[in-house]
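Step one of this worksheet: look at the structure below.
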Amino acid sequence: MPIVTLILLVLLIILTVSSLLAGFTLHRRQSVDTAANARQLESLQNNIDRLDRLVREEMAQARTESAQTSRQGREELAATLKGVGDSLNSQLAHITQTNMQRLDSVRETVEKRLDTVRTQIEERLKLIQSDNNKNLEQMRITVDEKLQGTLEKRLGESFKIVSERLEQVHKGLGEMQSLAAGVGDLKKVLTNVKTRGGLGEVQLLALLEDALNPVQFQAQVNIRGDNRVDAVIKLPGHDANSQAPVLLPIDAKFPMEDFQRLIAAQETGDIAAIAAASKQLEQSVENCAASICKKYIAPPVTTDFAILFLPTESLFAEVIRQAGLVDKLRRKYKITIAGPTTLWSILTSLQMGFQTLAIQKRSSEVWQLLSKVKTEFNLYGEILDKVKKKLDEAANTVDQAAVRTRAIERSLKDVQALPSTTVDTVNHPLALGGSGQEV
């Protein structure tokens, strides 16, 4: 190399000069002043001058060659770096394009799979919803049919019985109007006390037979000892499991003489006689109520009240006209006053109660069926809860996949938005632990 030659030449010159200077110094010390030494010195000076020129020329030539070599080295290094940069840029572009293609492929695959999963889930949800709607509709139709049929049947029977009873009431009222037309003939019959009492019992039993079933009442029942009440109504026991009925006593009374005296006083218009007759009628009715309370009210075999039946509407109207008499009998003796129409209304109400009780007993079958339906519906609700849980899990999985998809899209967006300098730094082979030779 020129630089190495120049260095060796310089070193040789330095050594030669050093040796000459050493010899010159030695000769000077010996003080030898000869012409030979002068010539040698002159020759040495000439050599030194020539060496100096040669050194200067070689130095200049070395500088020129060094500048040329440096320029060529810089040009070669720039060309090499440009080639490396172009290679890196092409490789980075190829890697970026490959990554983009792969990410596009992955995104398309994920989207297809998500669409497939979403479609399958929607189809399954539609099937489940359709099955649930069908099952619920079938259950609703079944329950509605059974309930509707049972209620219509029971209500139809009840309305039929009520209609029949109302017809009987109208029929009885018509018969009573016919009987009212023959009051004159009836007075002859009522002159005998025994006949009058038998007529009240007959009328009472007729009303009971018309309004109630034979198993729901009984005539001439011993309550206490030999005391027989005209009739009793058999009510359901206090306990639902008890088979023994509770008896409601009904006794017919007909204070005809006192009633006739009151009617006669009213016809004459004598106020004192009317007041006395009203007082006597009130006392007679109170005595009858006290007798019924003492003889026939015996809880828990009977109810804690009894009914005093007055066979004629006119007698019943006069009794209830007495101020405070009805409340006094109810409060003091626990006796309820009833005329034919009033007793018929009471019996009709009791019959409706009996019918309602029968319907309630028969409705236990409906309640059992509803209990079974409720149990099955609870089981069905548990199954629906499990299905809902599974659907929620599937929805959560879809949401997670959607989150990952958005994360991938954000990553793709960031990759596309990276500047070229950052891409060079990140993907440079030297930054990744490679070498320039691998490039």
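By order of appearance in the structure tokens: chains A, B, ..., then residues from 1 within every chain, and ligands from 1 in the order shown.
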Give me the residues of range 105-189 of chain A that have any atom at most 12 Å from an atom of range 337-360 of chain A; for each, the nearest atom pair and the distance in Å, rounded to one decimal. Use only C-alpha atoms, sort by chain and number, and format it as CSV.
residue,atom,partner,partner_atom,distance
A:Thr150,CA,A:Ile359,CA,10.1
A:Leu151,CA,A:Ile359,CA,9.6
A:Glu152,CA,A:Ile359,CA,11.9
A:Lys153,CA,A:Ile359,CA,10.4
A:Arg154,CA,A:Ile359,CA,6.9
A:Leu155,CA,A:Ile359,CA,9.1
A:Gly156,CA,A:Ile359,CA,11.6
A:Glu157,CA,A:Gln355,CA,9.3
A:Ser158,CA,A:Gln355,CA,7.1
A:Phe159,CA,A:Met352,CA,10.0
A:Lys160,CA,A:Gln355,CA,11.5
A:Ile161,CA,A:Met352,CA,8.7
A:Val162,CA,A:Met352,CA,7.8
A:Ser163,CA,A:Thr348,CA,11.2
A:Glu164,CA,A:Thr348,CA,10.9
A:Arg165,CA,A:Thr348,CA,7.4
A:Leu166,CA,A:Thr348,CA,8.9
A:Glu167,CA,A:Thr348,CA,11.9
A:Gln168,CA,A:Trp344,CA,10.2
A:Val169,CA,A:Trp344,CA,7.8
A:His170,CA,A:Thr341,CA,10.8
A:Gly172,CA,A:Thr341,CA,9.3
A:Leu173,CA,A:Thr341,CA,8.4
A:Met176,CA,A:Pro340,CA,9.5
From range 306-368 of chain A, collect each residue whose DSSP state is helix (DSSP H, G or I) and return the set as an mmCIF file with N, CA and C atoms, in the first residue's frame.
data_model
loop_
_atom_site.group_PDB
_atom_site.id
_atom_site.type_symbol
_atom_site.label_atom_id
_atom_site.label_comp_id
_atom_site.auth_asym_id
_atom_site.auth_seq_id
_atom_site.Cartn_x
_atom_site.Cartn_y
_atom_site.Cartn_z
ATOM 1 N N GLU A 313 -148.071 -13.267 55.853
ATOM 2 C CA GLU A 313 -147.331 -12.042 55.612
ATOM 3 C C GLU A 313 -147.904 -10.879 56.419
ATOM 4 N N SER A 314 -149.213 -10.847 56.601
ATOM 5 C CA SER A 314 -149.817 -9.758 57.357
ATOM 6 C C SER A 314 -149.369 -9.790 58.813
ATOM 7 N N LEU A 315 -149.350 -10.996 59.424
ATOM 8 C CA LEU A 315 -148.878 -11.125 60.791
ATOM 9 C C LEU A 315 -147.394 -10.724 60.885
ATOM 10 N N PHE A 316 -146.610 -11.161 59.934
ATOM 11 C CA PHE A 316 -145.184 -10.803 59.920
ATOM 12 C C PHE A 316 -145.008 -9.285 59.788
ATOM 13 N N ALA A 317 -145.857 -8.644 58.961
ATOM 14 C CA ALA A 317 -145.738 -7.199 58.780
ATOM 15 C C ALA A 317 -146.083 -6.460 60.063
ATOM 16 N N GLU A 318 -147.120 -6.912 60.795
ATOM 17 C CA GLU A 318 -147.478 -6.267 62.058
ATOM 18 C C GLU A 318 -146.392 -6.443 63.117
ATOM 19 N N VAL A 319 -145.760 -7.605 63.117
ATOM 20 C CA VAL A 319 -144.714 -7.851 64.126
ATOM 21 C C VAL A 319 -143.496 -6.955 63.871
ATOM 22 N N ILE A 320 -143.072 -6.873 62.618
ATOM 23 C CA ILE A 320 -141.862 -6.079 62.360
ATOM 24 C C ILE A 320 -142.156 -4.588 62.460
ATOM 25 N N ARG A 321 -143.459 -4.218 62.471
ATOM 26 C CA ARG A 321 -143.801 -2.810 62.654
ATOM 27 C C ARG A 321 -143.624 -2.376 64.094
ATOM 28 N N LEU A 325 -138.828 -4.372 68.356
ATOM 29 C CA LEU A 325 -139.128 -5.760 68.740
ATOM 30 C C LEU A 325 -138.164 -6.737 68.069
ATOM 31 N N VAL A 326 -137.927 -6.545 66.798
ATOM 32 C CA VAL A 326 -137.050 -7.469 66.074
ATOM 33 C C VAL A 326 -135.629 -7.441 66.654
ATOM 34 N N ASP A 327 -135.118 -6.235 66.926
ATOM 35 C CA ASP A 327 -133.773 -6.129 67.504
ATOM 36 C C ASP A 327 -133.730 -6.716 68.905
ATOM 37 N N LYS A 328 -134.797 -6.514 69.671
ATOM 38 C CA LYS A 328 -134.839 -7.055 71.023
ATOM 39 C C LYS A 328 -134.828 -8.580 71.004
ATOM 40 N N LEU A 329 -135.596 -9.207 70.125
ATOM 41 C CA LEU A 329 -135.629 -10.664 70.044
ATOM 42 C C LEU A 329 -134.273 -11.210 69.575
ATOM 43 N N ARG A 330 -133.665 -10.518 68.649
ATOM 44 C CA ARG A 330 -132.371 -10.991 68.154
ATOM 45 C C ARG A 330 -131.286 -10.838 69.216
ATOM 46 N N ARG A 331 -131.337 -9.734 69.975
ATOM 47 C CA ARG A 331 -130.287 -9.474 70.961
ATOM 48 C C ARG A 331 -130.493 -10.275 72.242
ATOM 49 N N LYS A 332 -131.738 -10.357 72.714
ATOM 50 C CA LYS A 332 -132.001 -10.997 74.008
ATOM 51 C C LYS A 332 -132.194 -12.488 73.894
ATOM 52 N N TYR A 333 -132.899 -12.953 72.854
ATOM 53 C CA TYR A 333 -133.227 -14.375 72.746
ATOM 54 C C TYR A 333 -132.537 -15.060 71.555
ATOM 55 N N PRO A 340 -143.313 -15.876 55.360
ATOM 56 C CA PRO A 340 -143.159 -16.824 54.245
ATOM 57 C C PRO A 340 -142.147 -16.342 53.202
ATOM 58 N N THR A 341 -142.271 -15.098 52.776
ATOM 59 C CA THR A 341 -141.335 -14.594 51.765
ATOM 60 C C THR A 341 -139.920 -14.473 52.316
ATOM 61 N N THR A 342 -139.827 -13.967 53.535
ATOM 62 C CA THR A 342 -138.502 -13.819 54.151
ATOM 63 C C THR A 342 -137.841 -15.183 54.337
ATOM 64 N N LEU A 343 -138.618 -16.170 54.821
ATOM 65 C CA LEU A 343 -138.054 -17.505 55.010
ATOM 66 C C LEU A 343 -137.653 -18.117 53.671
ATOM 67 N N TRP A 344 -138.451 -17.873 52.672
ATOM 68 C CA TRP A 344 -138.081 -18.382 51.351
ATOM 69 C C TRP A 344 -136.757 -17.773 50.865
ATOM 70 N N SER A 345 -136.583 -16.478 51.099
ATOM 71 C CA SER A 345 -135.313 -15.837 50.714
ATOM 72 C C SER A 345 -134.143 -16.437 51.495
ATOM 73 N N ILE A 346 -134.384 -16.677 52.800
ATOM 74 C CA ILE A 346 -133.306 -17.278 53.618
ATOM 75 C C ILE A 346 -132.972 -18.669 53.109
ATOM 76 N N LEU A 347 -133.988 -19.466 52.820
ATOM 77 C CA LEU A 347 -133.759 -20.823 52.334
ATOM 78 C C LEU A 347 -133.067 -20.819 50.971
ATOM 79 N N THR A 348 -133.454 -19.880 50.123
ATOM 80 C CA THR A 348 -132.799 -19.785 48.810
ATOM 81 C C THR A 348 -131.322 -19.432 48.969
ATOM 82 N N SER A 349 -131.049 -18.511 49.885
ATOM 83 C CA SER A 349 -129.641 -18.149 50.131
ATOM 84 C C SER A 349 -128.859 -19.347 50.660
ATOM 85 N N LEU A 350 -129.488 -20.105 51.597
ATOM 86 C CA LEU A 350 -128.810 -21.298 52.113
ATOM 87 C C LEU A 350 -128.572 -22.323 51.011
ATOM 88 N N GLN A 351 -129.562 -22.471 50.126
ATOM 89 C CA GLN A 351 -129.394 -23.418 49.026
ATOM 90 C C GLN A 351 -128.242 -22.991 48.108
ATOM 91 N N MET A 352 -128.145 -21.690 47.842
ATOM 92 C CA MET A 352 -127.028 -21.202 47.046
ATOM 93 C C MET A 352 -125.695 -21.466 47.761
ATOM 94 N N GLY A 353 -125.721 -21.310 49.099
ATOM 95 C CA GLY A 353 -124.510 -21.635 49.850
ATOM 96 C C GLY A 353 -124.142 -23.103 49.743
ATOM 97 N N PHE A 354 -125.187 -23.978 49.815
ATOM 98 C CA PHE A 354 -124.927 -25.410 49.652
ATOM 99 C C PHE A 354 -124.355 -25.701 48.269
ATOM 100 N N GLN A 355 -124.925 -25.052 47.270
ATOM 101 C CA GLN A 355 -124.427 -25.263 45.912
ATOM 102 C C GLN A 355 -122.980 -24.764 45.774
ATOM 103 N N THR A 356 -122.709 -23.606 46.362
ATOM 104 C CA THR A 356 -121.337 -23.082 46.317
ATOM 105 C C THR A 356 -120.365 -24.016 47.019
ATOM 106 N N LEU A 357 -120.793 -24.561 48.166
ATOM 107 C CA LEU A 357 -119.930 -25.504 48.892
ATOM 108 C C LEU A 357 -119.668 -26.756 48.059
ATOM 109 N N ALA A 358 -120.725 -27.229 47.376
ATOM 110 C CA ALA A 358 -120.538 -28.402 46.520
ATOM 111 C C ALA A 358 -119.580 -28.098 45.376
ATOM 112 N N ILE A 359 -119.739 -26.894 44.805
ATOM 113 C CA ILE A 359 -118.827 -26.506 43.726
ATOM 114 C C ILE A 359 -117.398 -26.421 44.241
ATOM 115 N N GLN A 360 -117.235 -25.888 45.448
ATOM 116 C CA GLN A 360 -115.891 -25.808 46.016
ATOM 117 C C GLN A 360 -115.288 -27.196 46.224
ATOM 118 N N LYS A 361 -116.116 -28.129 46.703
ATOM 119 C CA LYS A 361 -115.601 -29.485 46.888
ATOM 120 C C LYS A 361 -115.213 -30.120 45.555
ATOM 121 N N ARG A 362 -116.084 -29.899 44.558
ATOM 122 C CA ARG A 362 -115.778 -30.474 43.250
ATOM 123 C C ARG A 362 -114.631 -29.753 42.549
ATOM 124 N N SER A 364 -111.901 -29.051 43.768
ATOM 125 C CA SER A 364 -110.592 -29.552 44.206
ATOM 126 C C SER A 364 -109.872 -30.258 43.063
ATOM 127 N N GLU A 365 -110.653 -30.913 42.184
ATOM 128 C CA GLU A 365 -110.027 -31.565 41.031
ATOM 129 C C GLU A 365 -109.333 -30.529 40.139
ATOM 130 N N VAL A 366 -110.026 -29.392 39.948
ATOM 131 C CA VAL A 366 -109.430 -28.339 39.130
ATOM 132 C C VAL A 366 -108.160 -27.806 39.788
ATOM 133 N N TRP A 367 -108.212 -27.637 41.109
ATOM 134 C CA TRP A 367 -107.026 -27.138 41.810
ATOM 135 C C TRP A 367 -105.881 -28.137 41.722
ATOM 136 N N GLN A 368 -106.201 -29.421 41.815
ATOM 137 C CA GLN A 368 -105.140 -30.423 41.674
ATOM 138 C C GLN A 368 -104.502 -30.335 40.293
#
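Residues in contact with Ser284 in chain A at up to 10 Å, not including ones fewer than 6 positions away on its chain and judged by only C-alpha atoms, are Lys253, Phe254, Pro255, Asp258, Phe259, Ser278 and Ala290 of chain A.
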Produce a file of the selected residues containing C-alpha atoms, as a short mmCIF file (atom, residue, chain, number, x, y, z; two decimals), in the first residue's frame.
data_model
loop_
_atom_site.label_atom_id
_atom_site.label_comp_id
_atom_site.auth_asym_id
_atom_site.auth_seq_id
_atom_site.Cartn_x
_atom_site.Cartn_y
_atom_site.Cartn_z
CA LYS A 253 -145.89 -19.85 65.75
CA PHE A 254 -149.30 -18.31 64.99
CA PRO A 255 -150.65 -15.94 67.69
CA ASP A 258 -153.81 -11.27 69.44
CA PHE A 259 -153.44 -10.50 65.75
CA SER A 278 -150.03 -4.12 69.81
CA ALA A 290 -138.30 -17.09 74.79
#
task: Could you tell me, as a list of chain:residue names, which residues of range 192-314 of chain A DSSP assigns to strand (DSSP E) when given the backbone?
output: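 Reading the DSSP output for range 192-314 of chain A, strand (DSSP E) covers A:Phe217, A:Gln218, A:Ala219, A:Gln220, A:Val221, A:Asn222, A:Ile223, A:Arg224, A:Asn227, A:Arg228, A:Val229, A:Asp230, A:Ala231, A:Val232, A:Ile233, A:Lys234, A:Leu235, A:Val246, A:Leu247, A:Leu248, A:Pro249, A:Ile250, A:Asp251, A:Ala252, A:Ala306, A:Ile307, A:Leu308, A:Phe309.
Between CA of Glu376 in chain A and CA of Ala395 in chain A the interatomic distance comes to 28.1 Å.
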